[in-house]
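Source file run_25.cif; content: mmCIF, C-alpha atoms.
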data_input
#
loop_
_atom_site.label_atom_id
_atom_site.label_comp_id
_atom_site.auth_asym_id
_atom_site.auth_seq_id
_atom_site.Cartn_x
_atom_site.Cartn_y
_atom_site.Cartn_z
CA MET A 368 -15.49 -65.25 34.15
CA LYS A 369 -15.37 -61.94 35.93
CA ARG A 370 -11.66 -62.43 36.59
CA LEU A 371 -11.03 -63.14 32.95
CA ARG A 372 -12.98 -60.14 31.64
CA SER A 373 -10.58 -57.45 32.86
CA PRO A 374 -7.38 -58.83 31.28
CA VAL A 375 -9.20 -59.53 28.02
CA VAL A 376 -10.70 -56.06 27.85
CA ALA A 377 -7.34 -54.53 28.72
CA THR A 378 -5.58 -56.57 26.03
CA ILE A 379 -8.17 -55.64 23.40
CA ALA A 380 -7.93 -52.00 24.39
CA ALA A 381 -4.13 -52.10 24.26
CA LEU A 382 -4.20 -53.73 20.82
CA ALA A 383 -6.73 -51.21 19.60
CA LEU A 384 -4.60 -48.31 20.86
CA ALA A 385 -1.46 -49.81 19.35
CA SER A 386 -3.08 -50.23 15.95
CA ALA A 387 -4.53 -46.74 16.08
CA GLY A 388 -1.21 -45.26 17.21
CA SER A 389 0.31 -45.31 13.76
CA ALA A 390 -2.65 -43.57 12.17
CA ASN A 391 -3.79 -41.27 14.92
CA ALA A 392 -2.38 -39.43 17.83
CA GLY A 393 -1.94 -41.50 20.91
CA SER A 394 -3.01 -39.11 23.63
CA ASN A 395 -0.38 -40.06 26.16
CA SER A 396 2.46 -40.23 23.68
CA LEU A 397 2.22 -36.60 22.55
CA ALA A 398 3.48 -33.58 24.40
CA VAL A 399 3.20 -29.92 23.52
CA SER A 400 5.70 -27.44 24.90
CA VAL A 401 6.34 -23.73 24.31
CA ASP A 402 9.56 -21.76 24.32
CA ARG A 403 8.25 -19.15 26.75
CA THR A 404 5.41 -18.69 29.18
CA GLY A 405 5.16 -14.92 29.30
CA ILE A 406 5.28 -12.11 26.74
CA SER A 407 4.97 -8.35 27.24
CA THR A 408 4.33 -6.05 24.33
CA ALA A 409 2.52 -2.87 23.37
CA LEU A 410 -0.73 -2.52 21.49
CA GLY A 411 -0.18 -3.06 17.79
CA GLY A 412 3.14 -4.85 18.34
CA LYS A 413 3.92 -8.17 16.74
CA PHE A 414 5.23 -11.08 18.81
CA VAL A 415 6.38 -14.59 18.11
CA PHE A 416 6.59 -17.80 20.11
CA ARG A 417 7.48 -21.36 19.21
CA SER A 418 5.73 -24.55 20.18
CA THR A 419 7.14 -28.07 19.92
CA ILE A 420 4.98 -31.14 19.47
CA ALA A 421 6.91 -34.23 20.53
CA ASN A 422 5.99 -37.83 19.80
CA ARG A 423 7.24 -39.86 22.74
CA SER A 424 5.87 -43.17 21.52
CA THR A 425 7.69 -45.90 19.64
CA THR A 426 5.46 -45.56 16.58
CA PRO A 427 5.12 -42.60 14.20
CA VAL A 428 2.01 -40.46 14.43
CA ARG A 429 0.29 -38.83 11.53
CA GLY A 430 -2.84 -36.87 10.81
CA LEU A 431 -2.44 -34.22 13.49
CA ILE A 432 -3.65 -30.65 13.50
CA ALA A 433 -2.19 -27.92 15.70
CA HIS A 434 -4.47 -24.99 16.46
CA LEU A 435 -3.64 -21.69 18.11
CA ASN A 436 -6.14 -20.17 20.53
CA VAL A 437 -6.30 -16.69 22.04
CA LEU A 438 -8.52 -15.60 24.92
CA SER A 439 -8.80 -12.68 27.25
CA LEU A 440 -8.14 -13.36 30.95
CA ARG A 441 -10.35 -10.43 31.89
CA ASN A 442 -14.08 -10.30 31.40
CA GLY A 443 -15.51 -7.83 28.91
CA VAL A 444 -12.71 -7.82 26.35
CA TYR A 445 -13.79 -8.96 22.92
CA VAL A 446 -11.22 -11.14 21.18
CA ASP A 447 -11.38 -12.10 17.54
CA PRO A 448 -8.51 -14.60 17.15
CA GLU A 449 -8.48 -14.11 13.37
CA ASP A 450 -7.29 -10.53 13.93
CA TRP A 451 -4.43 -11.78 16.08
CA SER A 452 -3.14 -14.33 13.64
CA PRO A 453 -4.52 -15.20 10.22
CA HIS A 454 -2.71 -18.58 10.20
CA ARG A 455 -3.88 -20.35 13.33
CA THR A 456 -4.36 -23.88 12.01
CA ARG A 457 -1.45 -26.06 10.90
CA TYR A 458 -1.80 -29.52 9.40
CA LEU A 459 1.23 -31.41 10.58
CA ALA A 460 3.44 -33.78 8.65
CA PRO A 461 3.86 -37.27 10.23
CA ILE A 462 6.03 -37.17 13.32
CA PRO A 463 8.43 -40.13 13.56
CA ALA A 464 8.77 -42.16 16.76
CA GLY A 465 10.68 -40.08 19.29
CA GLY A 466 10.66 -37.10 16.94
CA SER A 467 9.14 -33.64 17.20
CA VAL A 468 7.82 -30.77 15.11
CA ALA A 469 8.49 -27.13 15.92
CA LEU A 470 5.96 -24.49 14.93
CA THR A 471 6.46 -20.74 14.95
CA TRP A 472 3.39 -18.63 15.65
CA THR A 473 3.33 -14.93 14.77
CA LEU A 474 0.66 -12.78 16.39
CA GLN A 475 -0.27 -9.12 16.49
CA ALA A 476 -1.42 -7.50 19.71
CA VAL A 477 -4.86 -6.28 18.77
CA ASN A 478 -6.31 -5.52 22.23
CA ALA A 479 -4.74 -4.13 25.39
CA GLY A 480 -4.95 -6.22 28.56
CA SER A 481 -4.09 -9.72 29.79
CA PHE A 482 -4.43 -12.65 27.46
CA ALA A 483 -3.60 -16.32 27.26
CA VAL A 484 -2.43 -18.02 24.13
CA TYR A 485 -2.15 -21.80 23.82
CA VAL A 486 -1.72 -24.50 21.22
CA ALA A 487 -4.03 -27.50 21.03
CA VAL A 488 -3.28 -30.63 19.04
CA LEU A 489 -6.05 -32.90 17.85
CA PRO A 490 -6.37 -35.75 15.39
CA GLN A 491 -7.48 -35.12 11.83
CA SER A 492 -9.69 -38.24 12.08
CA GLY A 493 -12.11 -36.34 14.27
CA ALA A 494 -11.90 -38.97 17.02
CA ALA A 495 -13.86 -37.85 20.07
CA ARG A 496 -11.09 -37.43 22.57
CA PRO A 497 -9.77 -34.39 24.38
CA PRO A 498 -7.18 -32.37 22.48
CA ILE A 499 -3.66 -32.25 23.84
CA THR A 500 -2.78 -28.76 24.89
CA GLY A 501 0.49 -27.11 25.73
CA PRO A 502 1.11 -24.69 28.58
CA SER A 503 -0.57 -21.34 28.07
CA VAL A 504 1.55 -18.31 27.26
CA TYR A 505 0.61 -15.27 29.31
CA VAL A 506 0.54 -12.15 27.14
CA SER A 507 0.47 -8.72 28.70
CA ILE A 508 -0.33 -5.92 26.28
CA ALA A 509 0.18 -2.33 27.28
CA ARG A 510 -2.19 0.31 26.04
CA ARG A 511 -0.47 2.65 23.64
CA LYS A 512 -1.98 5.72 22.14
CA THR A 513 0.22 6.00 19.11
CA LEU A 514 -1.29 9.12 17.68
CA ASP A 515 -2.49 12.28 19.25
CA ALA A 516 -5.72 13.50 17.69
CA GLY A 517 -5.34 16.94 19.24
CA GLY A 518 -1.87 17.30 17.80
CA ALA A 519 -3.21 16.49 14.36
CA LEU A 520 -5.60 19.44 14.26
CA PRO A 521 -3.09 22.24 13.52
CA LEU A 522 -1.71 20.15 10.68
CA VAL A 523 -4.95 18.89 9.15
CA LEU A 524 -6.52 22.35 9.28
CA GLY A 525 -3.38 24.40 8.68
CA ILE A 526 -2.23 22.96 5.37
CA PRO A 527 -5.58 23.21 3.54
CA ALA A 528 -6.02 26.72 5.01
CA LEU A 529 -2.60 27.73 3.73
CA LEU A 530 -3.29 26.35 0.28
CA GLY A 531 -6.74 27.94 0.26
CA ALA A 532 -5.25 31.34 1.15
CA LEU A 533 -2.60 30.92 -1.55
CA SER A 534 -5.29 29.99 -4.05
CA LEU A 535 -7.37 33.06 -3.15
CA GLY A 536 -4.28 35.29 -3.36
CA VAL A 537 -3.43 34.04 -6.84
CA ARG A 538 -7.04 34.49 -7.91
CA ALA A 539 -7.15 38.06 -6.60
CA ARG A 540 -3.87 38.87 -8.32
CA ARG A 541 -5.16 37.46 -11.60
CA ARG A 542 -8.34 39.53 -11.34
CA ALA A 543 -6.37 42.68 -10.59
CA ALA A 544 -4.11 42.05 -13.58
CA ARG A 545 -7.13 41.45 -15.79
CA SER A 546 -8.93 44.61 -14.70
CA GLN A 547 -5.71 46.59 -15.14
CA ALA A 548 -5.38 45.22 -18.66
CA ASP A 549 -9.04 46.04 -19.40
CA ALA A 550 -8.58 49.60 -18.10
CA GLY A 551 -5.38 50.00 -20.14
CA MET B 499 35.46 46.96 -25.61
CA VAL B 500 33.33 44.55 -23.74
CA GLU B 501 33.17 41.06 -25.08
CA ALA B 502 29.74 39.52 -25.15
CA GLU B 503 29.58 36.47 -22.97
CA PRO B 504 28.52 33.36 -24.80
CA THR B 505 25.08 32.31 -23.68
CA THR B 506 23.65 28.84 -23.79
CA PRO B 507 20.31 28.87 -25.60
CA ARG B 508 17.51 27.48 -23.47
CA ARG B 509 16.12 24.21 -24.58
CA ALA B 510 12.68 24.62 -26.09
CA TRP B 511 11.09 22.11 -23.75
CA THR B 512 12.04 24.22 -20.74
CA ILE B 513 10.27 27.21 -22.31
CA VAL B 514 7.17 25.11 -22.98
CA GLY B 515 7.44 23.70 -19.47
CA GLU B 516 7.49 27.24 -18.07
CA TRP B 517 4.37 28.16 -20.07
CA GLU B 518 2.64 25.07 -18.78
CA LEU B 519 3.64 25.78 -15.17
CA ARG B 520 2.41 29.37 -15.44
CA ASP B 521 -0.87 28.24 -16.95
CA LEU B 522 -1.37 25.51 -14.35
CA TRP B 523 -0.24 27.34 -11.21
CA LEU B 524 -0.86 31.02 -11.89
CA GLY B 525 -4.09 30.12 -13.66
CA GLY B 526 -5.23 28.65 -10.35
CA ARG B 527 -6.10 25.13 -11.52
CA GLY B 528 -3.04 23.54 -9.98
CA LEU B 529 -3.60 25.22 -6.63
CA LEU B 530 -7.25 24.17 -6.52
CA LEU B 531 -6.35 20.55 -7.27
CA THR B 532 -3.61 20.63 -4.63
CA LEU B 533 -6.07 22.14 -2.13
CA ALA B 534 -8.54 19.31 -2.79
CA PHE B 535 -5.69 16.83 -2.40
CA SER B 536 -4.64 18.35 0.93
CA VAL B 537 -8.24 18.19 2.23
CA LEU B 538 -8.35 14.48 1.36
CA VAL B 539 -5.03 13.71 3.06
CA SER B 540 -6.09 15.83 6.07
CA VAL B 541 -9.30 13.86 6.52
CA LEU B 542 -7.40 10.60 6.20
CA THR B 543 -4.75 11.71 8.70
CA TYR B 544 -7.35 12.91 11.19
CA LEU B 545 -9.27 9.64 10.94
CA THR B 546 -6.06 7.68 11.41
CA ALA B 547 -5.18 9.74 14.46
CA THR B 548 -8.61 9.57 16.08
CA ASN B 549 -10.29 6.37 14.98
CA ARG B 550 -9.60 3.62 17.49
CA ALA B 551 -9.94 0.91 14.87
CA LEU B 552 -7.17 2.51 12.86
CA ASN B 553 -5.19 3.70 15.84
CA PHE B 554 -4.55 0.25 17.26
CA LEU B 555 -2.49 -0.55 14.26
CA GLU B 556 1.18 0.18 14.25
CA GLN B 557 2.23 3.67 13.28
CA ARG B 558 3.92 2.09 10.28
CA GLU B 559 0.58 0.94 8.94
CA SER B 560 -0.89 4.42 9.39
CA VAL B 561 2.02 5.94 7.48
CA ASN B 562 1.67 3.30 4.78
CA LEU B 563 -2.06 3.95 4.40
CA THR B 564 -1.59 7.70 4.05
CA LEU B 565 1.41 7.37 1.75
CA GLN B 566 -0.34 4.91 -0.54
CA VAL B 567 -3.40 7.15 -0.87
CA ALA B 568 -1.12 10.15 -1.50
CA ILE B 569 0.78 8.30 -4.23
CA ALA B 570 -2.41 7.09 -5.90
CA VAL B 571 -4.17 10.46 -5.81
CA GLY B 572 -1.00 12.43 -6.65
CA ALA B 573 -0.45 10.24 -9.72
CA LEU B 574 -4.15 10.68 -10.58
CA LEU B 575 -3.66 14.48 -10.59
CA ALA B 576 -0.75 14.12 -13.02
CA LEU B 577 -2.92 11.90 -15.21
CA VAL B 578 -5.81 14.38 -15.23
CA ALA B 579 -3.49 17.29 -16.11
CA ALA B 580 -1.80 15.26 -18.87
CA ALA B 581 -5.11 14.08 -20.31
CA ASP B 582 -5.97 17.74 -20.93
CA THR B 583 -2.67 18.77 -22.53
CA VAL B 584 -3.40 18.24 -26.23
CA SER B 585 -7.14 17.58 -26.47
CA GLY B 586 -7.82 20.49 -24.11
CA GLU B 587 -5.68 22.92 -26.12
CA ARG B 588 -7.37 21.66 -29.27
CA GLU B 589 -10.85 22.33 -27.85
CA ARG B 590 -9.93 25.75 -26.46
CA GLY B 591 -8.50 26.70 -29.87
CA THR B 592 -5.03 27.38 -28.50
CA LEU B 593 -3.27 24.41 -30.08
CA GLU B 594 -2.86 26.20 -33.43
CA SER B 595 -0.67 28.97 -32.03
CA LEU B 596 1.33 26.40 -30.11
CA LEU B 597 1.93 24.31 -33.23
CA LEU B 598 2.92 27.40 -35.19
CA ALA B 599 5.64 28.25 -32.66
CA PRO B 600 9.12 27.28 -33.87
CA ILE B 601 9.42 24.48 -31.37
CA PRO B 602 10.00 20.84 -32.30
CA ARG B 603 6.96 18.80 -31.32
CA LEU B 604 9.04 16.41 -29.30
CA GLN B 605 10.17 19.31 -27.13
CA LEU B 606 6.58 20.56 -26.97
CA THR B 607 5.50 17.15 -25.70
CA LEU B 608 8.27 16.98 -23.11
CA GLY B 609 7.45 20.47 -21.83
CA LYS B 610 3.78 19.60 -21.45
CA LEU B 611 4.63 16.34 -19.71
CA GLY B 612 6.86 18.26 -17.29
CA GLY B 613 4.01 20.66 -16.51
CA ALA B 614 1.64 17.77 -15.74
CA LEU B 615 4.23 16.13 -13.50
CA SER B 616 4.52 19.31 -11.44
CA LEU B 617 1.15 18.37 -9.90
CA TRP B 618 2.62 15.15 -8.55
CA LEU B 619 5.60 17.05 -7.12
CA ALA B 620 3.26 19.51 -5.39
CA ALA B 621 1.13 16.64 -4.05
CA PHE B 622 4.22 14.92 -2.68
CA ALA B 623 5.44 18.14 -1.06
CA VAL B 624 2.03 18.50 0.63
CA THR B 625 2.23 14.88 1.84
CA ILE B 626 5.58 15.35 3.64
CA PRO B 627 4.22 17.00 6.83
CA TYR B 628 1.46 14.39 7.15
CA VAL B 629 3.94 11.52 6.86
CA TRP B 630 6.19 13.25 9.37
CA PHE B 631 3.29 13.65 11.81
CA LEU B 632 2.13 10.04 11.54
CA GLY B 633 5.59 8.46 11.50
CA ARG B 634 7.53 10.57 13.97
CA GLY B 635 9.14 8.78 16.84
CA VAL B 636 9.51 5.40 15.18
CA GLY B 637 12.23 6.25 12.68
CA ILE B 638 10.35 5.57 9.49
CA VAL B 639 9.79 9.05 8.11
CA GLY B 640 12.95 9.05 5.97
CA ASP B 641 12.39 5.61 4.48
CA ALA B 642 8.70 6.30 3.89
CA LEU B 643 9.43 9.56 2.09
CA VAL B 644 12.17 8.10 -0.10
CA ALA B 645 10.01 5.08 -1.01
CA GLY B 646 7.04 7.37 -1.68
CA ALA B 647 9.10 9.72 -3.85
CA LEU B 648 10.62 6.85 -5.83
CA VAL B 649 7.45 4.87 -6.46
CA GLY B 650 5.21 7.93 -6.76
CA THR B 651 7.47 9.52 -9.37
CA LEU B 652 7.59 6.33 -11.43
CA LEU B 653 3.81 5.98 -11.29
CA ALA B 654 3.26 9.67 -12.01
CA VAL B 655 5.53 9.49 -15.10
CA PHE B 656 3.68 6.37 -16.24
CA LEU B 657 0.20 7.82 -15.71
CA ALA B 658 1.02 11.29 -17.06
CA SER B 659 2.49 9.69 -20.20
CA LEU B 660 -0.59 7.48 -20.52
CA GLY B 661 -2.86 10.52 -20.16
CA MET B 662 -0.87 12.42 -22.78
CA LEU B 663 -0.95 9.48 -25.15
CA VAL B 664 -4.74 9.33 -24.85
CA SER B 665 -4.99 13.11 -25.21
CA VAL B 666 -3.04 13.13 -28.47
CA PHE B 667 -5.40 10.64 -30.09
CA ALA B 668 -8.71 11.52 -28.40
CA ALA B 669 -11.41 13.12 -30.52
CA SER B 670 -12.46 15.43 -27.68
CA ASN B 671 -11.26 16.49 -24.25
CA ARG B 672 -14.20 14.69 -22.63
CA VAL B 673 -13.23 11.44 -24.33
CA SER B 674 -9.61 11.94 -23.25
CA LEU B 675 -10.49 12.51 -19.59
CA SER B 676 -13.09 9.72 -19.49
CA LEU B 677 -10.82 7.18 -21.13
CA SER B 678 -7.86 8.11 -18.91
CA LEU B 679 -9.95 7.78 -15.75
CA PHE B 680 -11.42 4.49 -16.96
CA LEU B 681 -7.92 3.12 -17.56
CA LEU B 682 -6.85 4.30 -14.11
CA LEU B 683 -9.82 2.56 -12.48
CA ALA B 684 -9.01 -0.61 -14.43
CA LEU B 685 -5.44 -0.44 -13.12
CA PHE B 686 -6.71 -0.03 -9.56
CA ALA B 687 -9.24 -2.86 -9.86
CA PRO B 688 -6.83 -5.61 -8.68
CA THR B 689 -6.48 -3.87 -5.31
CA GLN B 690 -10.16 -4.67 -4.69
CA PHE B 691 -9.81 -8.37 -5.41
CA PRO B 692 -10.47 -10.66 -2.44
CA THR B 693 -7.30 -11.75 -0.66
CA GLY B 694 -7.66 -15.29 -1.99
CA ALA B 695 -7.60 -14.06 -5.58
CA GLN B 696 -4.38 -12.13 -4.93
CA GLN B 697 -2.58 -15.27 -3.86
CA GLY B 698 -1.21 -18.05 -6.06
CA TRP B 699 1.04 -17.63 -9.05
CA LEU B 700 -1.59 -15.99 -11.26
CA GLY B 701 -2.62 -13.52 -8.59
CA GLU B 702 1.00 -12.58 -7.88
CA LEU B 703 1.76 -12.29 -11.59
CA LEU B 704 -1.16 -9.91 -11.99
CA LEU B 705 -0.02 -7.83 -9.04
CA ARG B 706 3.56 -7.74 -10.31
CA ALA B 707 2.59 -6.89 -13.89
CA ASN B 708 0.34 -4.01 -12.86
CA PRO B 709 2.61 -1.00 -12.16
CA LEU B 710 0.19 0.47 -9.60
CA THR B 711 -0.24 -2.64 -7.47
CA ALA B 712 3.46 -3.55 -7.77
CA GLY B 713 4.56 -0.06 -6.73
CA GLU B 714 2.20 0.09 -3.77
CA HIS B 715 3.28 -3.40 -2.70
CA TYR B 716 6.92 -2.27 -2.69
CA VAL B 717 6.09 0.78 -0.55
CA GLY B 718 4.23 -1.46 1.91
CA LYS B 719 7.18 -3.81 2.22
CA ILE B 720 9.57 -0.95 2.97
CA VAL B 721 7.30 0.97 5.35
CA VAL B 722 5.39 -1.77 7.18
CA ASP B 723 7.55 -4.88 6.98
CA ARG B 724 10.87 -3.01 7.31
CA HIS B 725 12.35 -4.87 4.37
CA THR B 726 15.62 -3.66 2.92
CA TRP B 727 15.58 -1.64 -0.31
CA SER B 728 16.87 -4.54 -2.39
CA GLN B 729 14.76 -7.31 -0.82
CA ASP B 730 11.68 -6.62 -2.94
CA ALA B 731 13.35 -4.66 -5.73
CA SER B 732 11.89 -7.03 -8.32
CA TRP B 733 8.48 -5.49 -7.58
CA LEU B 734 9.78 -2.22 -9.06
CA ALA B 735 10.29 -3.82 -12.48
CA SER B 736 6.83 -3.08 -13.85
CA PRO B 737 6.69 0.56 -12.58
CA ILE B 738 10.13 1.22 -14.13
CA VAL B 739 9.27 -0.47 -17.42
CA ALA B 740 5.85 1.21 -17.60
CA ALA B 741 7.29 4.67 -16.84
CA ALA B 742 10.05 4.32 -19.47
CA LEU B 743 7.86 2.69 -22.11
CA PHE B 744 4.93 5.08 -21.82
CA ALA B 745 7.20 8.15 -21.64
CA VAL B 746 8.78 7.08 -24.95
CA LEU B 747 5.36 6.28 -26.47
CA ALA B 748 3.96 9.64 -25.38
CA ALA B 749 7.01 11.46 -26.76
CA VAL B 750 6.79 9.64 -30.10
CA ALA B 751 3.01 10.10 -30.33
CA GLY B 752 3.32 13.79 -29.46
CA ALA B 753 6.10 14.30 -31.99
CA ARG B 754 4.38 12.48 -34.83
CA PHE B 755 0.64 12.67 -34.24
CA MET B 756 -0.02 15.99 -32.50
CA HIS B 757 -2.36 17.56 -35.04
CA LEU B 758 -4.69 20.51 -35.01
CA SER B 759 -7.74 18.32 -35.28
CA ARG B 760 -8.26 14.62 -35.18
CA GLY B 761 -8.61 13.42 -38.76
CA SER B 762 -6.55 16.20 -40.39
CA SER B 763 -3.20 15.17 -41.82
CA ARG B 764 -1.32 18.09 -40.23
#
Can you dump the structure from the file as structure tokens?
Amino acid sequence: MKRLRSPVVATIAALALASAGSANAGSNSLAVSVDRTGISTALGGKFVFRSTIANRSTTPVRGLIAHLNVLSLRNGVYVDPEDWSPHRTRYLAPIPAGGSVALTWTLQAVNAGSFAVYVAVLPQSGAARPPITGPSVYVSIARRKTLDAGGALPLVLGIPALLGALSLGVRARRRAARSQADAG
Amino acid sequence: MVEAEPTTPRRAWTIVGEWELRDLWLGGRGLLLTLAFSVLVSVLTYLTATNRALNFLEQRESVNLTLQVAIAVGALLALVAAADTVSGERERGTLESLLLAPIPRLQLTLGKLGGALSLWLAAFAVTIPYVWFLGRGVGIVGDALVAGALVGTLLAVFLASLGMLVSVFAASNRVSLSLSLFLLLALFAPTQFPTGAQQGWLGELLLRANPLTAGEHYVGKIVVDRHTWSQDASWLASPIVAAALFAVLAAVAGARFMHLSRGSSR
């Protein structure tokens, strides 16, 4: 009986996986790849990378969701992924057997430092199995002080001061003209 | 014998325009409004340059933010000046002498409209150094200024004409100013809609139909997204139509309905 149990269980499991394969993602049949593994940019810059989700099985897969994740590789850096990319979740169309889907992800460098970005694919059915993830993309973001606050002072004080002086000059001239007219 | 050189008579609207400019700028009102405008743009520029939350954004976004505020407030100044043109003269008792002058009312209207628009021109001139400061080094100053001048002028013509139209028919100067500002706020309301409401065909239609939101959208596309001038040109349709339509309406209303008091036939 013990000898029989293993092949029976294996057969049932194989049948179950095969039947589920057409409706859900078969974990081993999917692969996620990215077009690059490293990106360098400056703070505020936008960058793009592409990921490909390939179905290596002989049956089509449907009901997949691809999700983009961003995290800091250094402690103490707050990351709000929504700021990096407002469109991080993609509901995928069915992928035919042996086919693939390419996704383009556009992000904005919101924090300076070292970050990792990766794509995870999981089934829409909510089945409790680990998501399939692609290789992480290392993102190095250089700090960039785009504007110089000190340099702004002469401008932000100078122009109102100039206009204020002009306004006072015109007012004084008008008063002088008025008093001259009154005297005349 | 010296022959007298033939001289071209000045068009009446240029004379009225000159009166208006003198009144506005030598009277001090124009300078005070421009001073207030420069203080506002200065505060905005300083915050953009110092605030980390704003500073992390691209320089393009900083330029866009400042330019959009400058266009909106510059056009507001033109609206406020235009809303005072007829109802204000009526209340101050100076409209009578103006109407008695041998100047066609259409020319009178055009001259007054030109005077009101001078506030926008001054506001734009004040904005130039700020845009240069925020956008220098990334090659966007030229594009930003041309886009700002184009869209800002269209919106200023539209709003000044709207203000003048209201001023011609308003029973008092207070009504004219209040109604003009209310209309301006109503036009700006769609910018405060949540992002979700701005999407979809109805949201886009609303944004495209409103000259203010359409104009500001076009500026954003040129300055931030580096689009070409023709790529989003369709967004300029409503600012162009509104500027032309309201300028004609203001001219017709000024020519036909500019009376000494509301309710009198002439």
Could you spell out the hits of the PyMOL selection byres ((chain B) within 9 of (chain A)) on the shown file, as a ChimeraX atom specification? /B:523-527,529-530,532-537,539-541,543-549,553-557,624,627-628,631-632
Could you tell me, as a ChimeraX atom specification, exactly which residues end up selected when the PyMOL selection byres ((chain B and resi 653) around 10) is applied to this structure? /B:569-570,572-574,576-577,618,647-652,654-659,709-710,713-714,736-738,740-741
Residue contacts of Leu519 (chain B) (12 Å, all atoms listed in the file) excluding same-chain residues fewer than 4 positions away, as a PyMOL selection string: chain B and resi 511-515+523-529+579+583+609-617+620
I need the chosen residues saved as an mmCIF file, in the coordinates of the input, with C-alpha atoms.
data_model
loop_
_atom_site.group_PDB
_atom_site.id
_atom_site.type_symbol
_atom_site.label_atom_id
_atom_site.label_comp_id
_atom_site.auth_asym_id
_atom_site.auth_seq_id
_atom_site.Cartn_x
_atom_site.Cartn_y
_atom_site.Cartn_z
ATOM 1 C CA TRP B 511 11.090 22.110 -23.750
ATOM 2 C CA THR B 512 12.040 24.220 -20.740
ATOM 3 C CA ILE B 513 10.270 27.210 -22.310
ATOM 4 C CA VAL B 514 7.170 25.110 -22.980
ATOM 5 C CA GLY B 515 7.440 23.700 -19.470
ATOM 6 C CA TRP B 523 -0.240 27.340 -11.210
ATOM 7 C CA LEU B 524 -0.860 31.020 -11.890
ATOM 8 C CA GLY B 525 -4.090 30.120 -13.660
ATOM 9 C CA GLY B 526 -5.230 28.650 -10.350
ATOM 10 C CA ARG B 527 -6.100 25.130 -11.520
ATOM 11 C CA GLY B 528 -3.040 23.540 -9.980
ATOM 12 C CA LEU B 529 -3.600 25.220 -6.630
ATOM 13 C CA ALA B 579 -3.490 17.290 -16.110
ATOM 14 C CA THR B 583 -2.670 18.770 -22.530
ATOM 15 C CA GLY B 609 7.450 20.470 -21.830
ATOM 16 C CA LYS B 610 3.780 19.600 -21.450
ATOM 17 C CA LEU B 611 4.630 16.340 -19.710
ATOM 18 C CA GLY B 612 6.860 18.260 -17.290
ATOM 19 C CA GLY B 613 4.010 20.660 -16.510
ATOM 20 C CA ALA B 614 1.640 17.770 -15.740
ATOM 21 C CA LEU B 615 4.230 16.130 -13.500
ATOM 22 C CA SER B 616 4.520 19.310 -11.440
ATOM 23 C CA LEU B 617 1.150 18.370 -9.900
ATOM 24 C CA ALA B 620 3.260 19.510 -5.390
#
How far is it from CA of Gln729 (chain B) to CA of His454 (chain A), in Å with one decimal?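 Rounded to one decimal, the two atoms are 23.5 Å apart.
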Choose the residue, out of B:Glu559, B:Glu589, B:Glu594, B:Asp723, that has the smallest atom-to-atom separation from Ala668 (chain B); count only C-alpha atoms. B:Glu589
Running the PyMOL selection byres ((chain A and resi 455-467) around 10) on this model by hand, what would come out? Give it as a ChimeraX atom specification. /A:389-392,396-399,419-437,448-449,451-454,468-470,472-474,486-488,490-491
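Take CA of Arg558 (chain B) and CA of Thr408 (chain A): the distance between them is 16.2 Å.
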Between CA of Gly635 (chain B) and CA of Ser481 (chain A), what is the spacing in Å? 26.2 Å
Looking at A:Ser400, A:Ser546, A:Leu438, A:Ile406, which one is nearest to Ile499 (chain A), with distances taken over only C-alpha atoms? A:Ser400
Gly718 (chain B): which residues within 10 Å, counting all atoms listed in the file, same-chain residues fewer than 6 positions away excluded, as a PyMOL selection string? chain B and resi 558-559+561-563+565-566+642+645-646+712+724-725
Can you write just those residues out, C-alpha atoms, as an mmCIF file, in the frame of the given file?
data_model
loop_
_atom_site.group_PDB
_atom_site.id
_atom_site.type_symbol
_atom_site.label_atom_id
_atom_site.label_comp_id
_atom_site.auth_asym_id
_atom_site.auth_seq_id
_atom_site.Cartn_x
_atom_site.Cartn_y
_atom_site.Cartn_z
ATOM 1 C CA ARG B 558 3.920 2.090 10.280
ATOM 2 C CA GLU B 559 0.580 0.940 8.940
ATOM 3 C CA VAL B 561 2.020 5.940 7.480
ATOM 4 C CA ASN B 562 1.670 3.300 4.780
ATOM 5 C CA LEU B 563 -2.060 3.950 4.400
ATOM 6 C CA LEU B 565 1.410 7.370 1.750
ATOM 7 C CA GLN B 566 -0.340 4.910 -0.540
ATOM 8 C CA ALA B 642 8.700 6.300 3.890
ATOM 9 C CA ALA B 645 10.010 5.080 -1.010
ATOM 10 C CA GLY B 646 7.040 7.370 -1.680
ATOM 11 C CA ALA B 712 3.460 -3.550 -7.770
ATOM 12 C CA ARG B 724 10.870 -3.010 7.310
ATOM 13 C CA HIS B 725 12.350 -4.870 4.370
#
